[in-house]
>>> print(open('entry-v4.pdb').read())   # PDB, C-alpha atoms and all ligand atoms
ATOM      1  CA  MET A   1     134.949 -86.640-181.334
ATOM      2  CA  LYS A   2     138.614 -87.487-180.990
ATOM      3  CA  VAL A   3     140.176 -90.496-182.735
ATOM      4  CA  THR A   4     143.789 -91.419-182.006
ATOM      5  CA  LEU A   5     145.931 -94.201-183.411
ATOM      6  CA  LEU A   6     147.454 -95.450-180.149
ATOM      7  CA  SER A   7     149.663 -98.177-181.579
ATOM      8  CA  PHE A   8     150.062-100.541-184.489
ATOM      9  CA  THR A   9     152.163-103.494-185.602
ATOM     10  CA  PRO A  10     155.669-102.121-186.296
ATOM     11  CA  ASP A  11     156.308-102.050-190.063
ATOM     12  CA  PRO A  12     152.782-103.295-190.768
ATOM     13  CA  GLU A  13     153.238-103.553-194.532
ATOM     14  CA  LYS A  14     156.573-105.379-194.306
ATOM     15  CA  THR A  15     155.047-107.824-191.825
ATOM     16  CA  ILE A  16     152.196-108.533-194.242
ATOM     17  CA  ALA A  17     154.595-108.904-197.186
ATOM     18  CA  LEU A  18     156.773-111.278-195.165
ATOM     19  CA  ALA A  19     153.745-113.459-194.390
ATOM     20  CA  ALA A  20     152.768-113.445-198.063
ATOM     21  CA  LYS A  21     156.287-114.306-199.217
ATOM     22  CA  LEU A  22     156.418-117.215-196.795
ATOM     23  CA  CYS A  23     153.424-118.806-198.501
ATOM     24  CA  TYR A  24     155.172-118.963-201.867
ATOM     25  CA  SER A  25     158.836-119.526-200.960
ATOM     26  CA  LYS A  26     161.244-122.312-200.008
ATOM     27  CA  SER A  27     163.423-119.838-198.039
ATOM     28  CA  ASN A  28     163.649-119.756-194.271
ATOM     29  CA  ILE A  29     162.238-116.775-192.363
ATOM     30  CA  ASP A  30     165.601-114.994-191.927
ATOM     31  CA  GLN A  31     166.143-115.096-195.680
ATOM     32  CA  LEU A  32     162.619-113.860-196.281
ATOM     33  CA  GLU A  33     163.128-110.951-193.891
ATOM     34  CA  ALA A  34     166.121-109.873-195.958
ATOM     35  CA  LYS A  35     163.958-110.016-199.086
ATOM     36  CA  VAL A  36     161.384-107.585-197.705
ATOM     37  CA  ARG A  37     163.929-105.033-196.429
ATOM     38  CA  GLY A  38     163.999-101.552-197.949
ATOM     39  CA  THR A  39     161.231-101.045-200.470
ATOM     40  CA  ALA A  40     161.416-104.521-202.027
ATOM     41  CA  TYR A  41     158.130-105.529-200.361
ATOM     42  CA  LYS A  42     156.018-102.880-202.081
ATOM     43  CA  ARG A  43     155.373-104.575-205.412
ATOM     44  CA  LEU A  44     154.481-107.870-203.745
ATOM     45  CA  LEU A  45     152.116-106.126-201.333
ATOM     46  CA  GLU A  46     150.350-104.269-204.165
ATOM     47  CA  LYS A  47     149.823-107.622-205.906
ATOM     48  CA  ILE A  48     148.574-109.326-202.741
ATOM     49  CA  VAL A  49     145.978-106.609-202.098
ATOM     50  CA  LYS A  50     144.922-106.574-205.771
ATOM     51  CA  ILE A  51     144.382-110.337-206.027
ATOM     52  CA  GLY A  52     142.607-110.387-202.657
ATOM     53  CA  HIS A  53     144.955-112.691-200.706
ATOM     54  CA  LEU A  54     143.641-110.900-197.649
ATOM     55  CA  SER A  55     144.338-113.418-194.873
ATOM     56  CA  VAL A  56     147.934-112.133-194.652
ATOM     57  CA  LEU A  57     146.564-108.688-193.729
ATOM     58  CA  GLU A  58     145.469-110.184-190.425
ATOM     59  CA  HIS A  59     149.087-110.034-189.201
ATOM     60  CA  ALA A  60     148.931-106.227-188.905
ATOM     61  CA  GLY A  61     146.929-104.787-186.024
ATOM     62  CA  PHE A  62     145.879-101.207-185.239
ATOM     63  CA  VAL A  63     144.764 -99.875-181.839
ATOM     64  CA  PHE A  64     142.536 -96.769-181.811
ATOM     65  CA  GLY A  65     141.479 -94.595-178.885
ATOM     66  CA  ILE A  66     138.080 -93.011-179.496
ATOM     67  CA  GLU A  67     136.486 -90.349-177.281
ATOM     68  CA  GLY A  68     133.403 -88.206-177.474
ATOM     69  CA  ILE A  69     131.254 -90.494-179.608
ATOM     70  CA  SER A  70     127.687 -91.248-178.578
ATOM     71  CA  ARG A  71     126.493 -94.585-177.273
ATOM     72  CA  VAL A  72     124.493 -94.773-180.540
ATOM     73  CA  THR A  73     127.769 -94.999-182.409
ATOM     74  CA  SER A  74     129.630 -97.233-179.971
ATOM     75  CA  HIS A  75     126.728 -99.690-180.208
ATOM     76  CA  GLN A  76     127.058 -99.737-184.006
ATOM     77  CA  LEU A  77     130.832-100.116-183.697
ATOM     78  CA  VAL A  78     130.763-103.138-181.393
ATOM     79  CA  ARG A  79     128.563-105.063-183.849
ATOM     80  CA  HIS A  80     131.852-105.658-185.681
ATOM     81  CA  ARG A  81     132.873-108.943-184.111
ATOM     82  CA  LEU A  82     136.401-109.385-185.419
ATOM     83  CA  ALA A  83     137.790-106.735-183.099
ATOM     84  CA  SER A  84     138.677-106.182-179.438
ATOM     85  CA  TYR A  85     137.034-103.461-177.346
ATOM     86  CA  SER A  86     137.450-101.800-173.954
ATOM     87  CA  GLN A  87     134.733 -99.266-173.171
ATOM     88  CA  GLN A  88     134.314 -96.857-170.274
ATOM     89  CA  SER A  89     131.882 -98.442-167.837
ATOM     90  CA  GLN A  90     128.637 -96.763-166.793
ATOM     91  CA  ARG A  91     128.612 -99.132-163.769
ATOM     92  CA  TYR A  92     131.943 -98.086-162.323
ATOM     93  CA  VAL A  93     132.189 -94.511-163.580
ATOM     94  CA  SER A  94     129.822 -91.929-162.110
ATOM     95  CA  PHE A  95     128.281 -89.269-164.364
ATOM     96  CA  GLU A  96     127.235 -87.101-161.411
ATOM     97  CA  ASP A  97     129.613 -84.243-162.236
ATOM     98  CA  VAL A  98     128.917 -83.933-165.922
ATOM     99  CA  LEU A  99     126.775 -85.692-168.499
ATOM    100  CA  GLU A 100     128.146 -85.002-171.963
ATOM    101  CA  ALA A 101     125.926 -85.710-174.940
ATOM    102  CA  VAL A 102     126.199 -85.595-178.733
ATOM    103  CA  THR A 103     123.598 -83.366-180.387
ATOM    104  CA  PRO A 104     123.056 -84.246-184.074
ATOM    105  CA  SER A 105     123.178 -81.192-186.342
ATOM    106  CA  SER A 106     119.700 -82.078-187.719
ATOM    107  CA  ILE A 107     118.250 -81.373-184.255
ATOM    108  CA  LYS A 108     119.993 -77.996-184.129
ATOM    109  CA  LYS A 109     118.872 -77.222-187.713
ATOM    110  CA  ALA A 110     115.287 -77.990-186.721
ATOM    111  CA  GLY A 111     115.625 -75.320-184.043
ATOM    112  CA  LEU A 112     115.374 -77.932-181.286
ATOM    113  CA  GLY A 113     118.963 -77.782-179.995
ATOM    114  CA  LEU A 114     118.084 -75.868-176.850
ATOM    115  CA  LYS A 115     115.116 -78.100-176.060
ATOM    116  CA  PHE A 116     117.383 -81.130-176.585
ATOM    117  CA  SER A 117     120.024 -79.837-174.148
ATOM    118  CA  LYS A 118     117.331 -79.003-171.585
ATOM    119  CA  LYS A 119     116.030 -82.574-171.780
ATOM    120  CA  ILE A 120     119.583 -83.904-171.280
ATOM    121  CA  ALA A 121     120.034 -81.558-168.297
ATOM    122  CA  SER A 122     116.779 -82.759-166.776
ATOM    123  CA  ILE A 123     117.808 -86.416-167.236
ATOM    124  CA  HIS A 124     121.131 -85.599-165.603
ATOM    125  CA  LYS A 125     119.324 -83.970-162.666
ATOM    126  CA  PHE A 126     117.219 -87.088-162.116
ATOM    127  CA  TYR A 127     120.319 -89.318-162.453
ATOM    128  CA  LYS A 128     121.957 -87.341-159.632
ATOM    129  CA  GLU A 129     118.752 -87.496-157.580
ATOM    130  CA  MET A 130     118.775 -91.290-157.876
ATOM    131  CA  ILE A 131     122.443 -91.529-156.862
ATOM    132  CA  ASN A 132     121.771 -89.274-153.855
ATOM    133  CA  ALA A 133     118.839 -91.497-152.919
ATOM    134  CA  GLY A 134     121.185 -94.501-152.805
ATOM    135  CA  VAL A 135     120.374 -96.049-156.202
ATOM    136  CA  PRO A 136     123.556 -97.813-157.410
ATOM    137  CA  GLN A 137     125.260 -96.322-160.479
ATOM    138  CA  GLU A 138     124.595 -99.549-162.373
ATOM    139  CA  ASP A 139     120.843 -98.956-161.991
ATOM    140  CA  ALA A 140     120.781 -95.149-162.211
ATOM    141  CA  ARG A 141     122.406 -95.464-165.662
ATOM    142  CA  TYR A 142     119.175 -96.910-167.076
ATOM    143  CA  ILE A 143     117.955 -93.338-167.515
ATOM    144  CA  LEU A 144     121.009 -92.236-169.535
ATOM    145  CA  PRO A 145     120.235 -91.477-173.182
ATOM    146  CA  ASN A 146     121.789 -92.890-176.361
ATOM    147  CA  ALA A 147     123.314 -89.437-176.877
ATOM    148  CA  THR A 148     125.608 -89.870-173.836
ATOM    149  CA  THR A 149     129.245 -89.763-174.871
ATOM    150  CA  THR A 150     131.611 -92.662-174.319
ATOM    151  CA  LYS A 151     135.269 -93.617-174.635
ATOM    152  CA  ILE A 152     136.400 -96.828-176.252
ATOM    153  CA  ILE A 153     139.651 -98.495-177.292
ATOM    154  CA  VAL A 154     139.333-100.627-180.417
ATOM    155  CA  THR A 155     141.791-103.071-181.934
ATOM    156  CA  MET A 156     141.239-104.367-185.457
ATOM    157  CA  ASN A 157     143.517-106.075-187.917
ATOM    158  CA  ALA A 158     144.001-104.622-191.397
ATOM    159  CA  ARG A 159     141.649-107.122-193.060
ATOM    160  CA  GLU A 160     138.803-106.317-190.670
ATOM    161  CA  LEU A 161     139.534-102.609-191.037
ATOM    162  CA  LEU A 162     139.062-102.883-194.831
ATOM    163  CA  HIS A 163     135.694-104.560-194.227
ATOM    164  CA  PHE A 164     134.732-102.038-191.535
ATOM    165  CA  PHE A 165     135.648 -99.081-193.787
ATOM    166  CA  ALA A 166     133.644-100.584-196.677
ATOM    167  CA  LEU A 167     130.500-100.613-194.526
ATOM    168  CA  ARG A 168     130.973 -97.600-192.294
ATOM    169  CA  CYS A 169     132.585 -95.046-194.627
ATOM    170  CA  CYS A 170     129.713 -95.576-197.074
ATOM    171  CA  GLU A 171     127.071 -92.868-197.446
ATOM    172  CA  ARG A 172     124.538 -95.428-196.209
ATOM    173  CA  ALA A 173     126.168 -95.447-192.773
ATOM    174  CA  GLN A 174     125.017 -92.923-190.174
ATOM    175  CA  TRP A 175     126.919 -89.615-190.106
ATOM    176  CA  GLU A 176     128.612 -90.142-186.734
ATOM    177  CA  ILE A 177     130.061 -93.619-187.334
ATOM    178  CA  LYS A 178     130.952 -92.491-190.881
ATOM    179  CA  GLU A 179     132.916 -89.553-189.463
ATOM    180  CA  MET A 180     134.649 -91.834-186.959
ATOM    181  CA  ALA A 181     135.461 -94.551-189.516
ATOM    182  CA  THR A 182     136.812 -91.950-191.957
ATOM    183  CA  LYS A 183     139.164 -90.585-189.285
ATOM    184  CA  MET A 184     140.310 -94.154-188.528
ATOM    185  CA  LEU A 185     140.908 -94.759-192.236
ATOM    186  CA  SER A 186     142.996 -91.631-192.553
ATOM    187  CA  LEU A 187     145.174 -92.670-189.571
ATOM    188  CA  ALA A 188     145.579 -96.272-190.769
ATOM    189  CA  LYS A 189     146.374 -95.161-194.321
ATOM    190  CA  GLY A 190     149.143 -92.942-192.958
ATOM    191  CA  LYS A 191     150.880 -96.066-191.621
ATOM    192  CA  ALA A 192     149.950 -98.590-194.344
ATOM    193  CA  PRO A 193     149.348 -96.624-197.564
ATOM    194  CA  ILE A 194     149.452 -99.622-199.925
ATOM    195  CA  VAL A 195     147.044-101.735-197.874
ATOM    196  CA  PHE A 196     144.558 -98.888-197.474
ATOM    197  CA  LYS A 197     145.062 -97.276-200.907
ATOM    198  CA  ASN A 198     141.577 -98.277-202.090
ATOM    199  CA  ALA A 199     139.981 -98.442-198.646
ATOM    200  CA  GLY A 200     136.587 -96.888-198.090
ATOM    201  CA  PRO A 201     133.115 -97.635-199.394
ATOM    202  CA  GLY A 202     132.730-100.316-202.067
ATOM    203  CA  CYS A 203     132.555 -97.726-204.863
ATOM    204  CA  VAL A 204     136.192 -96.707-204.276
ATOM    205  CA  LYS A 205     137.377-100.008-205.813
ATOM    206  CA  GLY A 206     134.671-100.547-208.427
ATOM    207  CA  PRO A 207     130.985-100.139-209.155
ATOM    208  CA  CYS A 208     128.773 -99.238-206.187
ATOM    209  CA  PRO A 209     127.687-102.520-204.532
ATOM    210  CA  GLU A 210     124.645-100.975-202.835
ATOM    211  CA  GLY A 211     122.190-101.580-205.688
ATOM    212  CA  GLU A 212     118.984 -99.566-205.347
ATOM    213  CA  MET A 213     120.270 -98.190-202.029
ATOM    214  CA  THR A 214     123.109 -96.359-203.843
ATOM    215  CA  CYS A 215     123.686 -92.726-202.898
ATOM    216  CA  GLY A 216     124.096 -92.034-206.626
ATOM    217  CA  LYS A 217     127.299 -90.029-206.281
ATOM    218  CA  PRO A 218     130.156 -92.563-206.641
ATOM    219  CA  LYS A 219     132.417 -90.081-208.482
ATOM    220  CA  GLU A 220     132.296 -87.614-205.609
ATOM    221  CA  ILE A 221     132.802 -90.351-203.001
ATOM    222  CA  ARG A 222     135.716 -91.897-204.938
ATOM    223  CA  ALA A 223     137.432 -88.517-205.182
ATOM    224  CA  LYS A 224     136.959 -87.945-201.444
ATOM    225  CA  PHE A 225     138.525 -91.244-200.420
ATOM    226  CA  LYS A 226     141.362 -91.102-202.962
ATOM    227  CA  SER A 227     142.423 -87.798-201.412
ATOM    228  CA  ILE A 228     142.364 -89.005-197.789
TER     229      ILE A 228
HETATM  230  C1  LIG A 301     124.150 -99.171-193.252
HETATM  231  C2  LIG A 301     124.005-100.203-192.182
HETATM  232  C3  LIG A 301     122.770-100.431-191.626
HETATM  233  C4  LIG A 301     122.614-101.417-190.623
HETATM  234  N1  LIG A 301     121.373-101.632-190.071
HETATM  235  C5  LIG A 301     121.208-102.600-189.150
HETATM  236  C6  LIG A 301     119.921-102.883-188.580
HETATM  237  O1  LIG A 301     118.926-102.255-188.921
HETATM  238  N2  LIG A 301     119.832-103.848-187.635
HETATM  239  C7  LIG A 301     120.907-104.600-187.238
HETATM  240  O2  LIG A 301     120.760-105.483-186.402
HETATM  241  N3  LIG A 301     122.133-104.334-187.751
HETATM  242  C8  LIG A 301     122.300-103.381-188.678
HETATM  243  N4  LIG A 301     123.556-103.135-189.182
HETATM  244  C9  LIG A 301     124.702-103.896-188.655
HETATM  245  C10 LIG A 301     125.053-105.081-189.583
HETATM  246  O3  LIG A 301     123.978-105.976-189.684
HETATM  247  C11 LIG A 301     126.291-105.834-189.026
HETATM  248  O4  LIG A 301     125.982-106.397-187.763
HETATM  249  C12 LIG A 301     127.483-104.941-188.830
HETATM  250  O5  LIG A 301     127.649-104.072-189.920
HETATM  251  C13 LIG A 301     128.733-105.812-188.683
HETATM  252  O6  LIG A 301     129.054-106.317-189.967
HETATM  253  P1  LIG A 301     129.583-107.758-190.263
HETATM  254  O7  LIG A 301     128.740-108.769-189.592
HETATM  255  O8  LIG A 301     129.778-107.906-191.746
HETATM  256  O9  LIG A 301     131.025-107.640-189.736
HETATM  257  P2  LIG A 301     131.954-108.208-188.613
HETATM  258  O10 LIG A 301     131.268-108.621-187.378
HETATM  259  O11 LIG A 301     132.957-107.137-188.535
HETATM  260  O12 LIG A 301     132.526-109.518-189.284
HETATM  261  C14 LIG A 301     133.335-109.465-190.469
HETATM  262  C15 LIG A 301     132.985-110.610-191.365
HETATM  263  O13 LIG A 301     133.348-111.844-190.711
HETATM  264  C16 LIG A 301     132.405-112.835-191.055
HETATM  265  N5  LIG A 301     131.750-113.273-189.810
HETATM  266  C17 LIG A 301     131.825-112.682-188.583
HETATM  267  N6  LIG A 301     131.121-113.385-187.689
HETATM  268  C18 LIG A 301     130.569-114.415-188.354
HETATM  269  C19 LIG A 301     129.712-115.478-187.985
HETATM  270  N7  LIG A 301     129.270-115.646-186.745
HETATM  271  N8  LIG A 301     129.345-116.369-188.925
HETATM  272  C20 LIG A 301     129.776-116.247-190.202
HETATM  273  N9  LIG A 301     130.567-115.248-190.650
HETATM  274  C21 LIG A 301     130.969-114.353-189.720
HETATM  275  C22 LIG A 301     131.419-112.229-192.039
HETATM  276  O14 LIG A 301     131.877-112.460-193.338
HETATM  277  C23 LIG A 301     131.509-110.746-191.702
HETATM  278  O15 LIG A 301     131.117-109.919-192.785
HETATM  279  C24 LIG A 301     123.737-102.168-190.179
HETATM  280  C25 LIG A 301     124.988-101.923-190.749
HETATM  281  C26 LIG A 301     125.131-100.962-191.738
HETATM  282  C27 LIG A 301     126.499-100.723-192.316
END
>>> encode(input="entry-v4.pdb", output="structure tokens")
Amino acid sequence: MKVTLLSFTPDPEKTIALAAKLCYSKSNIDQLEAKVRGTAYKRLLEKIVKIGHLSVLEHAGFVFGIEGISRVTSHQLVRHRLASYSQQSQRYVSFEDVLEAVTPSSIKKAGLGLKFSKKIASIHKFYKEMINAGVPQEDARYILPNATTTKIIVTMNARELLHFFALRCCERAQWEIKEMATKMLSLAKGKAPIVFKNAGPGCVKGPCPEGEMTCGKPKEIRAKFKSI
């Protein structure tokens, strides 16, 4: 899988700090902008994130390009409603030339990797047969498996990203979306290190919120996400 940060709000952390300052100040916006220049915004931003005044984080947006994930994972991703998506169409794009698929490592470990790829190849053969017989792409795609790879552009604001990372970087999430979310976190943190300092599964900020579903290794998980 390939995850790219395509664009983001310029100076995302200053923009958030400016919005926060506006809430508590008599000054006009030009004066406030001067107050968040340089590194002056950092302490305020740390406080805002700590106290959970998270609505101001919605002013910073991040656009990710994601390729080579399965339709299993894109389906899980688009359940997150506070985001914008553009996904490669299986109606308008033909898969006649090549049908790429994600093979989970558990299938390979079970010694079934070859059988899995043969099944994919046979599905692909039938897909092409249908297209050649005049079946429209939009109907031929009904045979395509969940493993089929897809491309998607996702836009989320920083508040939704924190929520998304809490759910999808957790050990309870499936390996593929967890891998994707962790790559997104690393890219977002590179641009907004204060906002995403404690981003990741719930246990990064405090006790594990998963109750009896806990993975039981919060120390290890905390160390992993602190070092990202
Ligand atoms: C480990 C795991 C297992 C899962 N298993 C299943 C499963 O078996 N079956 C299944 O169907 N789904 C499953 N899901 C998906 C899950 O139910 C959510 O649909 C998905 O995680 C999106 O989360 P969300 O609704 O919190 O977030 P988002 O859609 O990203 O929304 C963010 C937040 O905005 C608020 N919000 C958004 N829309 C509304 C609304 N309409 N009304 C009120 N508040 C709103 C909520 O506070 C929400 O938490 C699973 C998710 C995880 C992480």
>>> closest_atom_pairs(input="entry-v4.pdb", of="range 78-185 of chain A", to="range 46-55 of chain A", cutoff="12 Å", atoms="all atoms listed in the file", output="Markdown table")
| residue | atom | partner | partner_atom | distance |
| --- | --- | --- | --- | --- |
| A:Asn157 | CA | A:Ser55 | CA | 10.1 |
| A:Ala158 | CA | A:Leu54 | CA | 8.9 |
| A:Arg159 | CA | A:Leu54 | CA | 6.3 |
| A:Glu160 | CA | A:Leu54 | CA | 9.6 |
| A:Leu161 | CA | A:Leu54 | CA | 11.4 |
| A:Leu162 | CA | A:Leu54 | CA | 9.7 |
| A:His163 | CA | A:Leu54 | CA | 10.7 |
>>> resolve_selection(input="entry-v4.pdb", expression="the PyMOL selection byres (((chain A and resi 204) around 12) and not hetatm)", output="PyMOL selection string")
chain A and resi 162+165-167+169-170+196-203+205-209+217-228
>>> resolve_selection(input="entry-v4.pdb", expression="the PyMOL selection byres (((not hetatm)) within 8 of (chain A and resi 301))", output="PyMOL selection string")
chain A and resi 76-77+79-83+160+163-164+167-168+170+172-174
>>> closest_residue(input="entry-v4.pdb", among="A:Leu45, A:Val72, A:Val102, A:Leu114", to="Pro193 in chain A", atoms="only C-alpha atoms")
A:Leu45
>>> axis_aligned_box(input="entry-v4.pdb", around="range 123-136 of chain A", padding_each_side="8 Å", output="lines of an AutoDock Vina configuration file")
center_x = 120.4
center_y = -90.9
center_z = -160.0
size_x = 22.3
size_y = 29.8
size_z = 30.4
>>> closest_residue(input="entry-v4.pdb", among="A:Val56, A:Ile66, A:Ala140, A:Ile152", to="Phe95 in chain A", atoms="all atoms listed in the file")
A:Ala140
>>> residues_near_point(input="entry-v4.pdb", point="(128.5, -88.5, -179.9)", cutoff="8 Å", atoms="all atoms listed in the file", output="list in words")
Met1, Gly68, Ile69, Ser70, Arg71, Val72, Thr73, Ala101, Val102, Thr103, Ala147, Thr148, Thr149, Thr150 and Glu176 of chain A
>>> resolve_selection(input="entry-v4.pdb", expression="the PyMOL selection byres (((chain A and resi 12) around 10) and not hetatm)", output="ChimeraX atom specification")
/A:8-11,13-18,57,59-62,158,191-192,195
>>> closest_residue(input="entry-v4.pdb", among="A:Lys26, A:Ala188, A:Trp175, A:Val93", to="Glu138 in chain A", atoms="all atoms listed in the file")
A:Val93
>>> atom_distance(input="entry-v4.pdb", atom1="CA of Glu179 in chain A", atom2="CA of Gln90 in chain A")
24.2 Å
>>> residues_around(input="entry-v4.pdb", residues="Gln137 in chain A", least_positions_apart="5", cutoff="7 Å", atoms="only C-alpha atoms", output="PyMOL selection string")
chain A and resi 91+94+131
>>> atom_distance(input="entry-v4.pdb", atom1="CA of Gly113 in chain A", atom2="CA of Asp97 in chain A")
21.7 Å
>>> closest_residue(input="entry-v4.pdb", among="A:Phe64, A:Tyr85, A:Asp30, A:Met156", to="Leu5 in chain A", atoms="all atoms listed in the file")
A:Phe64
>>> atom_distance(input="entry-v4.pdb", atom1="CA of Ser74 in chain A", atom2="CA of Arg141 in chain A")
16.1 Å
>>> residues_around(input="entry-v4.pdb", residues="Phe126 in chain A", least_positions_apart="3", cutoff="12 Å", atoms="only C-alpha atoms", output="PDB file with C-alpha atoms, in the frame of the given file")
ATOM      1  CA  PHE A  95     128.281 -89.269-164.364  1.00  0.00           C
ATOM      2  CA  GLU A  96     127.235 -87.101-161.411  1.00  0.00           C
ATOM      3  CA  LEU A  99     126.775 -85.692-168.499  1.00  0.00           C
ATOM      4  CA  LYS A 119     116.030 -82.574-171.780  1.00  0.00           C
ATOM      5  CA  ILE A 120     119.583 -83.904-171.280  1.00  0.00           C
ATOM      6  CA  ALA A 121     120.034 -81.558-168.297  1.00  0.00           C
ATOM      7  CA  SER A 122     116.779 -82.759-166.776  1.00  0.00           C
ATOM      8  CA  ILE A 123     117.808 -86.416-167.236  1.00  0.00           C
ATOM      9  CA  GLU A 129     118.752 -87.496-157.580  1.00  0.00           C
ATOM     10  CA  MET A 130     118.775 -91.290-157.876  1.00  0.00           C
ATOM     11  CA  ILE A 131     122.443 -91.529-156.862  1.00  0.00           C
ATOM     12  CA  ASN A 132     121.771 -89.274-153.855  1.00  0.00           C
ATOM     13  CA  ALA A 133     118.839 -91.497-152.919  1.00  0.00           C
ATOM     14  CA  VAL A 135     120.374 -96.049-156.202  1.00  0.00           C
ATOM     15  CA  ALA A 140     120.781 -95.149-162.211  1.00  0.00           C
ATOM     16  CA  ARG A 141     122.406 -95.464-165.662  1.00  0.00           C
ATOM     17  CA  TYR A 142     119.175 -96.910-167.076  1.00  0.00           C
ATOM     18  CA  ILE A 143     117.955 -93.338-167.515  1.00  0.00           C
ATOM     19  CA  LEU A 144     121.009 -92.236-169.535  1.00  0.00           C
TER      20      LEU A 144
END
>>> decode(input="entry-v4.pdb", residues="range 166-178 of chain A", atoms="C-alpha atoms", output="compact mmCIF listing (two decimals), in the first residue's frame")
# COMPACT_ATOMS: atom_id res chain seq x y z
CA ALA A 166 -8.15 6.26 18.05
CA LEU A 167 -10.33 3.60 16.41
CA ARG A 168 -8.20 2.41 13.53
CA CYS A 169 -4.68 2.43 15.01
CA CYS A 170 -5.94 0.27 17.88
CA GLU A 171 -4.97 -3.40 18.00
CA ARG A 172 -8.68 -4.20 17.72
CA ALA A 173 -8.75 -2.81 14.18
CA GLN A 174 -7.94 -5.12 11.27
CA TRP A 175 -4.27 -5.25 10.22
CA GLU A 176 -4.71 -3.53 6.85
CA ILE A 177 -6.67 -0.47 7.99
CA LYS A 178 -4.38 -0.30 11.05
